[in-house]
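To keep things clear, I will list the structure first and then write my remarks on it.
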Amino acid sequence: MVIKVFLASSSGSTAIKKKQQDVLGFLEALKVDYAPLDIACNEDNRMWMRENVPVEKKPTNGIPLPPQIFNEESYCGDYETFFDAKEDNAVYAFLGLPPPPGSKEAKEAYLENGPVENGTIVNGTDDAEDEENLEAEEENIDDDTLKAPVKEEEAQEEAEDEEAKGEDDQPVSEQEEEDE
């Protein structure tokens, strides 16, 4: 799946330029494959973008401004919806892509919905597959609550060891007095 980002290379608006740079920079940081498509130099790109932005998503003047984001032929959104997804740590869901294993978005998706593949919830797997998926996800989830009981047990054992050593380390005269 290729993310298509429709841009205007020769926009006179600094606001549009900044929005385009923000989207591209964030996609690069996430290492998401994308194709920048220029609507200023390519009439076909401009017409395709305008025809494929849903009517309810078009501004009141009817002409959507860049950047507009698509996953192949599927409309994802404009800069504002991208920004909202970024703020909610839901960019992969916004783009219709599966979150990378171990990412915060993958952990949240798993905790809310169970196993996720290619941006959709996995249903209809057999019990053995469910157990394997659960074990794999549990290994990826960094949960300090699982580590806490082990640390408490270790601390308790150390305290008991210290008490035992303390009794053995008493001077002989004190031990004799206690024995009497």
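Each chain of the structure tokens is named A, B, ... in the order shown, its residues numbered from 1; ligands are numbered from 1 in display order.
Residue neighbourhood of A:Gln21, excluding near-sequence residues (fewer than 6 positions): Val5, Phe6, Leu7, Ala8, Ser9, Thr14, Ala15, Leu27, Glu28, Ala29, Pro36, Pro66, Pro67 and Tyr79 of chain A, at 12 Å, using only C-alpha atoms.
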Dump of all heavy atoms for the selected residues, as a tab-separated table (two decimals), in the first residue's frame:
```tsv
chain	number	residue	atom	x	y	z
A	5	VAL	N	0.32	11.55	-1.18
A	5	VAL	CA	0.17	12.88	-0.59
A	5	VAL	C	0.17	13.88	-1.72
A	5	VAL	O	1.17	14.04	-2.44
A	5	VAL	CB	1.31	13.19	0.41
A	5	VAL	CG1	1.09	14.55	1.05
A	5	VAL	CG2	1.41	12.11	1.47
A	6	PHE	N	-0.96	14.53	-1.92
A	6	PHE	CA	-1.09	15.53	-2.97
A	6	PHE	C	-0.62	16.88	-2.44
A	6	PHE	O	-1.11	17.36	-1.42
A	6	PHE	CB	-2.54	15.60	-3.46
A	6	PHE	CG	-2.92	14.39	-4.27
A	6	PHE	CD1	-3.39	13.25	-3.65
A	6	PHE	CD2	-2.76	14.39	-5.64
A	6	PHE	CE1	-3.71	12.12	-4.38
A	6	PHE	CE2	-3.08	13.27	-6.39
A	6	PHE	CZ	-3.56	12.13	-5.77
A	7	LEU	N	0.36	17.46	-3.16
A	7	LEU	CA	1.04	18.68	-2.74
A	7	LEU	C	1.00	19.71	-3.86
A	7	LEU	O	0.76	19.38	-5.02
A	7	LEU	CB	2.51	18.39	-2.45
A	7	LEU	CG	2.84	17.20	-1.57
A	7	LEU	CD1	4.30	16.85	-1.69
A	7	LEU	CD2	2.49	17.54	-0.14
A	8	ALA	N	1.30	20.93	-3.50
A	8	ALA	CA	1.49	21.99	-4.49
A	8	ALA	C	2.92	22.51	-4.34
A	8	ALA	O	3.25	23.18	-3.36
A	8	ALA	CB	0.49	23.11	-4.28
A	9	SER	N	3.78	22.18	-5.33
A	9	SER	CA	5.19	22.55	-5.22
A	9	SER	C	5.41	24.05	-5.33
A	9	SER	O	6.39	24.58	-4.83
A	9	SER	CB	6.01	21.83	-6.30
A	9	SER	OG	5.55	22.22	-7.59
A	14	THR	N	2.34	30.35	2.56
A	14	THR	CA	3.29	29.75	3.52
A	14	THR	C	2.59	28.77	4.44
A	14	THR	O	3.20	27.79	4.88
A	14	THR	CB	4.01	30.83	4.35
A	14	THR	OG1	3.03	31.63	5.01
A	14	THR	CG2	4.90	31.71	3.48
A	15	ALA	N	1.31	28.99	4.73
A	15	ALA	CA	0.56	28.06	5.58
A	15	ALA	C	0.47	26.69	4.91
A	15	ALA	O	0.68	25.65	5.56
A	15	ALA	CB	-0.83	28.60	5.88
A	27	LEU	N	5.67	11.59	8.08
A	27	LEU	CA	5.66	10.30	7.38
A	27	LEU	C	7.08	9.75	7.25
A	27	LEU	O	7.30	8.55	7.41
A	27	LEU	CB	5.00	10.43	6.02
A	27	LEU	CG	3.50	10.73	6.02
A	27	LEU	CD1	2.99	10.92	4.60
A	27	LEU	CD2	2.72	9.64	6.73
A	28	GLU	N	8.03	10.62	6.97
A	28	GLU	CA	9.43	10.18	6.88
A	28	GLU	C	9.94	9.70	8.23
A	28	GLU	O	10.64	8.69	8.30
A	28	GLU	CB	10.31	11.32	6.35
A	28	GLU	CG	10.11	11.58	4.87
A	28	GLU	CD	10.91	12.77	4.36
A	28	GLU	OE1	11.82	13.25	5.07
A	28	GLU	OE2	10.60	13.22	3.25
A	29	ALA	N	9.59	10.40	9.28
A	29	ALA	CA	10.02	9.99	10.63
A	29	ALA	C	9.47	8.62	11.00
A	29	ALA	O	10.15	7.82	11.66
A	29	ALA	CB	9.59	11.03	11.66
A	36	PRO	N	4.76	11.54	-3.08
A	36	PRO	CA	4.30	12.93	-3.19
A	36	PRO	C	3.84	13.19	-4.63
A	36	PRO	O	4.57	12.91	-5.58
A	36	PRO	CB	5.54	13.74	-2.84
A	36	PRO	CG	6.70	12.85	-3.14
A	36	PRO	CD	6.21	11.43	-2.97
A	66	PRO	N	-4.22	21.44	-0.89
A	66	PRO	CA	-3.24	20.47	-0.41
A	66	PRO	C	-2.79	20.83	1.00
A	66	PRO	O	-2.97	21.98	1.41
A	66	PRO	CB	-2.08	20.64	-1.41
A	66	PRO	CG	-2.25	21.99	-2.00
A	66	PRO	CD	-3.71	22.32	-1.92
A	67	PRO	N	-2.26	19.88	1.74
A	67	PRO	CA	-2.08	18.48	1.38
A	67	PRO	C	-3.36	17.66	1.58
A	67	PRO	O	-4.10	17.89	2.53
A	67	PRO	CB	-0.99	18.02	2.34
A	67	PRO	CG	-1.16	18.89	3.55
A	67	PRO	CD	-1.65	20.20	3.04
A	79	TYR	N	-5.07	18.00	6.01
A	79	TYR	CA	-4.09	18.29	7.05
A	79	TYR	C	-4.73	18.28	8.45
A	79	TYR	O	-4.13	17.75	9.39
A	79	TYR	CB	-3.41	19.64	6.81
A	79	TYR	CG	-2.46	19.98	7.94
A	79	TYR	CD1	-1.22	19.36	8.02
A	79	TYR	CD2	-2.82	20.86	8.95
A	79	TYR	CE1	-0.35	19.63	9.07
A	79	TYR	CE2	-1.95	21.13	10.00
A	79	TYR	CZ	-0.73	20.52	10.05
A	79	TYR	OH	0.12	20.77	11.09
```
Note to self: Excluding A:Cys76 and its own-chain neighbours fewer than 6 positions away, which residues fall within 7 Å of it when counting only C-alpha atoms? Please give them as a VMD selection string.
What the structure shows: chain A and resid 69 to 70 94 to 95
Next item on the list: Calculate how many Å separate atom CA of A:Arg46 from atom CA of A:Leu65, rounding to one decimal.
Entry: 10.0 Å
Note to self: For a test of reading the model, state the distance in Å between atom CA of A:Glu87 and atom CA of A:Tyr75, rounded to one decimal.
What the structure shows: 19.5 Å
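Within stretch 26-56 of chain A, DSSP run on the backbone puts these residues in helix (DSSP H, G or I): Phe26, Leu27, Glu28, Ala29, Glu43, Asp44, Asn45, Arg46, Met47, Trp48, Met49, Arg50, Glu51, Asn52, Val55 and Glu56 of chain A.
Across the model, the gap from atom CA of A:Val2 to atom CA of A:Met49 is 15.2 Å.
When only C-alpha atoms are used to compute distances to A:Glu72, the closest of the residues A:Asn89, A:Asn113, A:Thr60, A:Asn52 turns out to be A:Asn52.
In terms of minimum interatomic distance to A:Pro99, A:Leu30 ranks closest within A:Met1, A:Val23, A:Ile16, A:Leu30, counting only C-alpha atoms.
For the residues A:Lys4, A:Lys18, A:Pro100, A:Ser10, ranking by smallest atom-to-atom distance to A:Trp48 using only C-alpha atoms places A:Lys4 first.
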